[in-house]
Amino acid sequence: MRRRFISFVLAIIVLIPLVPMPVFSNGLVKEIDVFMNNFRVQVEGKNFSHKEVFLYEGDIFVPMKDFGKALGLGVNFNSNKRALTLNSNNKLRFNDNSKYPIAYQRGYEIEVKERLMDNINQEIRDFLRDTKSKSSSKDIDLKTIRAGFSGIEITLDGKKIFLDGEPLLYNDDVYLPLTSLSPYLYITPKLNNNVIDIDCNGVLKDKPKDTIYPSYYSIDELVKFREDLNNRYARELEELNKKKKIIMDVKIPYEEVKSLSDMERYLNRHLSKINNLNVDINLRSGTGHWYYVDIDFSTRDNSKWRNLSRRDVEAYIWDIYVAISSLYDEEARIQGNIKRYVSFDTKMKNIVFSFIDSGLDMKSKVDPVFIEELLNKALGKYGGEYFDYTARISGYDLELVITPSHSDYMERWSPSRKLDLLERVNREIRRYYPGLKVNGKVVYRDLEPISFTIDDNKVRSTTLMASTAEYLNNRYGIFYVNGFRVPVKYSLHQIDNDNFKLMVDMDLSLSDSRWDINSKDALADLMQEVMKLVIDMWDANVFVQVFDKSQHLVYEYIVSQDTVQMVMANPSGGEVVEGSTVTLNTSTSGAKIYYTLDGSMPTINSSLYTGPIVISSNTIIKAFAVRNGFKDSAISTFEYTIVADDNMATGLDSLRFDIGTLSPRFDRKEPNYTLTLPYGTSRVKVTPSASVGSITVNDSTVDSGDSVEFDAATSTIRIVHIESGKAKNRVYTINVKIEDKQNSNVKLESYSFDTFGYGVFSGQLSGNYSGHKVRLLSTTGKEYDNTVVESNGRFEIVEFPTGVRERLIGYKYEVRDINGNLVDFGPLNER
């Protein structure tokens with residue numbers, strides 16, 4: 001399995017996506033289409049004479065007589081026995097503490113990272129239109145050849161080997177697929193245009209340090225050099241991906257910023273001017289993600305300051321904000337001043353400015369005729385109505401009059417639609433004058449005008465607020481309590497530009513016998529819907545108070561723009577039939593919901609809500625919602641009592657995973673689980689069993705007791721048990737999480753591993769290891785031995801297999817807790 005994986009990786013490194021397919025089915029001799037393309041093969045950068053090389057069925061095929069000679073291999077082909085014998089002259093017979101496999105492993109890891117970095121650099125060059133560095137395409141030479149296929153057996157150093165591609169007889173030689181052969185020879189092929197350079201990784205050939213003045217690495221030097229290089233490439237690849245994002249997405253100059261002082265130097269180097277005004281920037285950190293920016297300039301440059309517009313200043317501060325949040329702290333919020341003239345502050349990922357003492361004259365900077373032309377062109381027709389826009393400057397503000405052609409037509413619009421027109425007006429003006437305050441009216445011929453203001457990027461209108469309350473009374477003016485019709489009346493008030501208050505009067509007393517806990521839940525659902533409508537329309541914080549007929553407070557809640565709204569559930573609690581589903585939601589778009597099913601307090605390490613939750617036992621759901629840049633919502637609690645359902649399938653007898661911790665422990669009636677995998681896990685196997693019925697895993701049918709393997713990055717595994725005669729299936733949902741590296745408690749802190757003689761593996765665990773067990777296995781998963789850890793964390797395993805085959809396959813360890821859950825694992829090397 002390991003060799004097949006390495007072959008796959010090498011194929012990605014070497015091959016271009018041009019794979020010819022065979023013309024005929026298997027036979028002794030057949031015609032096949034191959035790509036010749038004048039391929040040349042080198043070994044450690046040195047050319048050697050060889051027959052033609054070609055690309056066929058996804059692999060490069062090489063002639064073994066020439067290729068073996070260049071690598072120092074003995075090559076013998078017995079045509080009668082159809083047997084190819086390869087002899088490494090003992091170079092592949094590693095001693096007990098050999099580091100050659102490590103050198104090989106690090107070699108192809110380095111090659112993969114180099115390819116990835118080349119690709120990213122090319123993407124950046126293409127984005128910057130640097131076409132000089134683009135590789136030119138070449139014609140591909142497709143050729144039809146006659147080749148022999150006759151089931152050739154291949155041995156290497158006396159052991160039979162198996163290749164993914166079938167050997168070919170051609171040109172008086174045996175051709176073997178290079179990437180499939182490479183793991184057996186511990187070589188790494190690298191393709192550059194049509195040249196294939198073979199890296200021998202210090203195994204079949206010594207590794208030169210310098211191709212001009214050759215000296216050679218010892219194996220210890222090569223491993224150390226490659227491990228350091230591999231680690232450095234990992235860091236460079238991470239930084240290169242960041243550079244790509246900054247250049248191609250954010251579009252600001254890129255530099256690596258590691259500290260606050262680096263960030264300050266960056267700002268003074270790249271943002272040292274507001275148009276022609278030279279400035280000095282001082283950057284300080286505050287609590288949390290707050291940063292304070294003080295900007296100064298010489299008094300002799302006051303004339304340059306007065307030539308600026310407010311828009312120039314706002315755009316400049318936004319550039320500073322983008323630079324800090326992109327290069328240094330994604331959650332950054334900034335606050336600061338430009339001398340005493342301008343102050344700015346971050347609010348809800350928006351920057352609010354104060355220009356009171358700026359001396360920047362808006363009248364000379366704003367062109368009302370341009371605004372009229374802009375609006376008449378962009379919004380002269382909207383929603384089937386025609387509009388005329390007139391504008392003039394009044395002090396620092398703009399006065400705007402909007403006149404519809406047909407008053408009666410627009411009057412039929414909903415408040416939301418009218419408000420949408422004003423929002424569109426706001427967006428058009430802000431494209432050119434982002435800080436401009438607008439006082440306006442929509443003037444009807446025979447009706448009361450709609451007065452409005454646009455300030456701090458928000459549209460406000462007392463006229464439309466009254467219309468909004470009227471709309472709520474018409475749409476949500478009836479509330480049902482246990483089937484009884486209760487009138488509800490709304491009034492909406494503006495406290496300030498950011499805060500609204502919604503007053504709700506209910507024509508029912510709390511002392512009424514029809515009022516109960518279910519009624520309050522239903523009222524909360526109604527208020528969530530009403531608040532969402534108000535927030536979506538008005539972009540404001542909403543403070544809600546609901547009063548009963550006797551003016552007793554029934555419900556009170558604040559929905560803040562910078563706080564995620566509470567999680568709601570449907571159904572919200574009570575008795576439910578076994579197997580029922582519960583859906584969770586929050587009115588804050590883009591928020592993530594985390595929940596628990598055992599009544600414990602949820603955190604961001606709890607289960608992430610991805611779909612309906614199946615309830616098959618008495619359950620207490622606690623949930624909250626989060627979103628970047630917002631405060632977390634309050635925690636919601638929902639309690640459910642199960643009513644048995646005889647029409648549901650019996651369920652699985654057992655559910656096992658080969659790695660990780662399943663929480664809670666499996667119970668046939670429990671539908672929801674979290675599988676936590678150790679840091680670094682790449683694959684996981686699930687094995688469901690059931691004595692009756694059938695099983696599907698992620699919609700694929702699986703026999704009872706059979707295992708299904710998944711990529712560890714799979715977020716959810718869904719298992720369904722289907723039973724004949726039962727109308728409902730039993731569904732199990734497993735949310736998969738991979739531990740962060742620092743979260744693993746129990747670790748193999750140190751160890752000694754020796755395969756000389758009878759073999760010894762001993763070591764020391766750290767963390768809470770009570771009752772844990774250490775297993776010694778082959779890299780293919782075969783267990784050699786296991787032992788329980790001593791009270792001091794020590795353990796020892798002796799007399800395990802140490803033959804050539806076992807050493808070649810390699811060893812690994814696992815640490816499992818008292819319940820058999822895997823908590824740590826990794827490869828083992830001689831030490």
# chains A, B, ... in the order shown; residues from 1 in each chain; ligands from 1

call {"tool": "select_by_dssp", "arguments": {"residues": "region 107-328 of chain A", "states": "helix (DSSP H, G or I)", "output": "VMD selection string"}}
result
chain A and resid 107 to 127 131 to 133 178 to 185 219 to 250 260 to 270 299 to 306 310 to 327

call {"tool": "residues_around", "arguments": {"residues": "region 415-418 of chain A", "least_positions_apart": "4", "cutoff": "7 Å", "atoms": "only C-alpha atoms", "output": "NGL selection string"}}
result
:A and (422 or 464 or 467-468 or 537)

call {"tool": "residues_around", "arguments": {"residues": "Val746 (chain A)", "least_positions_apart": "4", "cutoff": "12 Å", "atoms": "only C-alpha atoms", "output": "CSV table (one decimal) with C-alpha atoms, in the first residue's frame"}}
result
chain,number,residue,atom,x,y,z
A,678,PRO,CA,-5.8,12.5,16.3
A,741,LYS,CA,-1.8,19.3,17.3
A,742,GLN,CA,-1.6,21.1,20.7
A,764,GLN,CA,8.0,7.3,28.2
A,765,LEU,CA,4.5,8.8,27.8
A,766,SER,CA,3.5,12.2,29.0
A,767,GLY,CA,0.0,13.4,30.0
A,768,ASN,CA,-2.8,11.6,31.7
A,769,TYR,CA,-1.8,8.0,30.5
A,770,SER,CA,-3.5,6.0,33.3
A,771,GLY,CA,-4.8,2.7,31.8
A,772,HIS,CA,-3.3,3.4,28.4
A,773,LYS,CA,-1.9,0.8,26.1
A,774,VAL,CA,1.0,1.0,23.6
A,789,VAL,CA,1.7,1.5,30.4
A,793,GLY,CA,4.4,6.2,32.1
A,814,GLU,CA,-0.2,3.5,18.6
A,815,VAL,CA,-1.3,4.7,22.0
A,816,ARG,CA,-4.8,3.8,23.0
A,817,ASP,CA,-6.8,4.8,26.1
A,821,ASN,CA,-9.6,4.9,21.5
A,822,LEU,CA,-6.5,6.0,19.6
A,823,VAL,CA,-4.9,9.1,21.2
A,824,ASP,CA,-1.4,9.1,19.6
A,825,PHE,CA,0.4,7.4,16.8

call {"tool": "atom_distance", "arguments": {"atom1": "CA of Ser49 (chain A)", "atom2": "CA of Tyr217 (chain A)"}}
result
26.0 Å

call {"tool": "closest_residue", "arguments": {"among": "A:Ile402, A:Ile454, A:Leu776, A:Val488", "to": "Val788 (chain A)", "atoms": "only C-alpha atoms"}}
result
A:Leu776

call {"tool": "select_by_dssp", "arguments": {"residues": "region 291-499 of chain A", "states": "strand (DSSP E)", "output": "VMD selection string"}}
result
chain A and resid 291 to 296 333 to 338 342 to 347 350 to 354 381 to 382 385 to 394 397 to 404 438 to 442 450 to 455 458 to 460 478 to 481 484 to 494 499

call {"tool": "residues_around", "arguments": {"residues": "Leu222 (chain A)", "least_positions_apart": "3", "cutoff": "9 Å", "atoms": "only C-alpha atoms", "output": "ChimeraX atom specification"}}
result
/A:103,201-202,207,217-219,225-227

call {"tool": "write_last_selection", "arguments": {"atoms": "N, CA and C atoms", "output": "short mmCIF file (atom, residue, chain, number, x, y, z; two decimals), in the first residue's frame"}}
result
data_model
loop_
_atom_site.label_atom_id
_atom_site.label_comp_id
_atom_site.auth_asym_id
_atom_site.auth_seq_id
_atom_site.Cartn_x
_atom_site.Cartn_y
_atom_site.Cartn_z
N ALA A 103 16.03 9.37 3.60
CA ALA A 103 16.53 10.30 2.58
C ALA A 103 15.62 10.30 1.36
N ASN A 201 18.80 9.88 -4.45
CA ASN A 201 18.60 10.01 -3.00
C ASN A 201 19.73 9.39 -2.18
N GLY A 202 20.94 9.33 -2.78
CA GLY A 202 22.09 8.79 -2.05
C GLY A 202 22.08 7.28 -1.92
N LYS A 207 25.12 11.04 -3.58
CA LYS A 207 24.47 12.32 -3.87
C LYS A 207 25.51 13.42 -3.92
N TYR A 217 27.53 13.86 -0.36
CA TYR A 217 26.93 13.78 0.97
C TYR A 217 27.11 12.38 1.55
N SER A 218 27.41 12.33 2.85
CA SER A 218 27.20 11.07 3.56
C SER A 218 25.70 10.94 3.79
N ILE A 219 25.23 9.75 4.11
CA ILE A 219 23.79 9.56 4.28
C ILE A 219 23.27 10.39 5.46
N PHE A 225 20.35 17.48 5.86
CA PHE A 225 20.15 18.56 4.89
C PHE A 225 18.71 18.56 4.38
N ARG A 226 18.17 17.38 4.06
CA ARG A 226 16.83 17.32 3.48
C ARG A 226 15.74 17.60 4.52
N GLU A 227 15.95 17.16 5.75
CA GLU A 227 14.95 17.47 6.77
C GLU A 227 14.89 18.97 7.02
#

call {"tool": "atom_distance", "arguments": {"atom1": "CA of Met503 (chain A)", "atom2": "CA of Val546 (chain A)"}}
result
6.3 Å

call {"tool": "atom_distance", "arguments": {"atom1": "CA of Ala649 (chain A)", "atom2": "CA of Gly573 (chain A)"}}
result
23.8 Å

call {"tool": "residues_around", "arguments": {"residues": "Tyr170 (chain A)", "least_positions_apart": "3", "cutoff": "8 Å", "atoms": "only C-alpha atoms", "output": "list in words"}}
result
Arg146, Ala147, Gly148, Asp173, Val174 and Tyr175 of chain A

call {"tool": "residues_around", "arguments": {"residues": "Val582 (chain A)", "least_positions_apart": "2", "cutoff": "6 Å", "atoms": "only C-alpha atoms", "output": "list in words"}}
result
Asn570, Pro612 and Ile613 of chain A

call {"tool": "write_last_selection", "arguments": {"atoms": "all heavy atoms", "output": "compact mmCIF listing (two decimals), in the first residue's frame"}}
result
# COMPACT_ATOMS: atom_id res chain seq x y z
N ASN A 570 -36.73 23.96 15.83
CA ASN A 570 -38.04 23.52 15.39
C ASN A 570 -38.05 21.99 15.31
O ASN A 570 -37.32 21.42 14.50
CB ASN A 570 -38.38 24.11 14.03
CG ASN A 570 -39.79 23.75 13.58
OD1 ASN A 570 -40.66 23.48 14.40
ND2 ASN A 570 -39.99 23.72 12.28
N PRO A 612 -30.26 18.69 10.05
CA PRO A 612 -31.20 18.28 11.10
C PRO A 612 -30.61 17.23 12.04
O PRO A 612 -29.88 16.33 11.63
CB PRO A 612 -32.38 17.71 10.30
CG PRO A 612 -32.31 18.41 8.99
CD PRO A 612 -30.85 18.59 8.70
N ILE A 613 -30.95 17.36 13.33
CA ILE A 613 -30.47 16.45 14.37
C ILE A 613 -31.56 15.43 14.65
O ILE A 613 -32.72 15.79 14.90
CB ILE A 613 -30.14 17.23 15.65
CG1 ILE A 613 -29.08 18.30 15.36
CG2 ILE A 613 -29.66 16.29 16.75
CD1 ILE A 613 -28.90 19.29 16.51

call {"tool": "residues_around", "arguments": {"residues": "Leu271 (chain A)", "least_positions_apart": "6", "cutoff": "9 Å", "atoms": "only C-alpha atoms", "output": "compact mmCIF listing (two decimals) with N, CA and C atoms, in the first residue's frame"}}
result
# COMPACT_ATOMS: atom_id res chain seq x y z
N VAL A 279 3.29 61.96 5.41
CA VAL A 279 2.84 61.75 6.78
C VAL A 279 3.75 60.75 7.49
N ILE A 281 3.52 57.70 10.51
CA ILE A 281 2.52 56.83 11.13
C ILE A 281 3.12 56.17 12.36
N TYR A 316 -7.59 56.62 2.21
CA TYR A 316 -6.27 56.37 2.79
C TYR A 316 -6.36 55.55 4.07
N ASP A 319 -7.05 52.00 3.36
CA ASP A 319 -5.84 51.27 2.91
C ASP A 319 -5.02 50.81 4.12
N ILE A 320 -4.92 51.64 5.13
CA ILE A 320 -4.20 51.26 6.35
C ILE A 320 -4.89 50.08 7.02

call {"tool": "closest_residue", "arguments": {"among": "A:Ala644, A:Asn735, A:Asp699, A:Lys747", "to": "Thr676 (chain A)", "atoms": "only C-alpha atoms"}}
result
A:Asn735
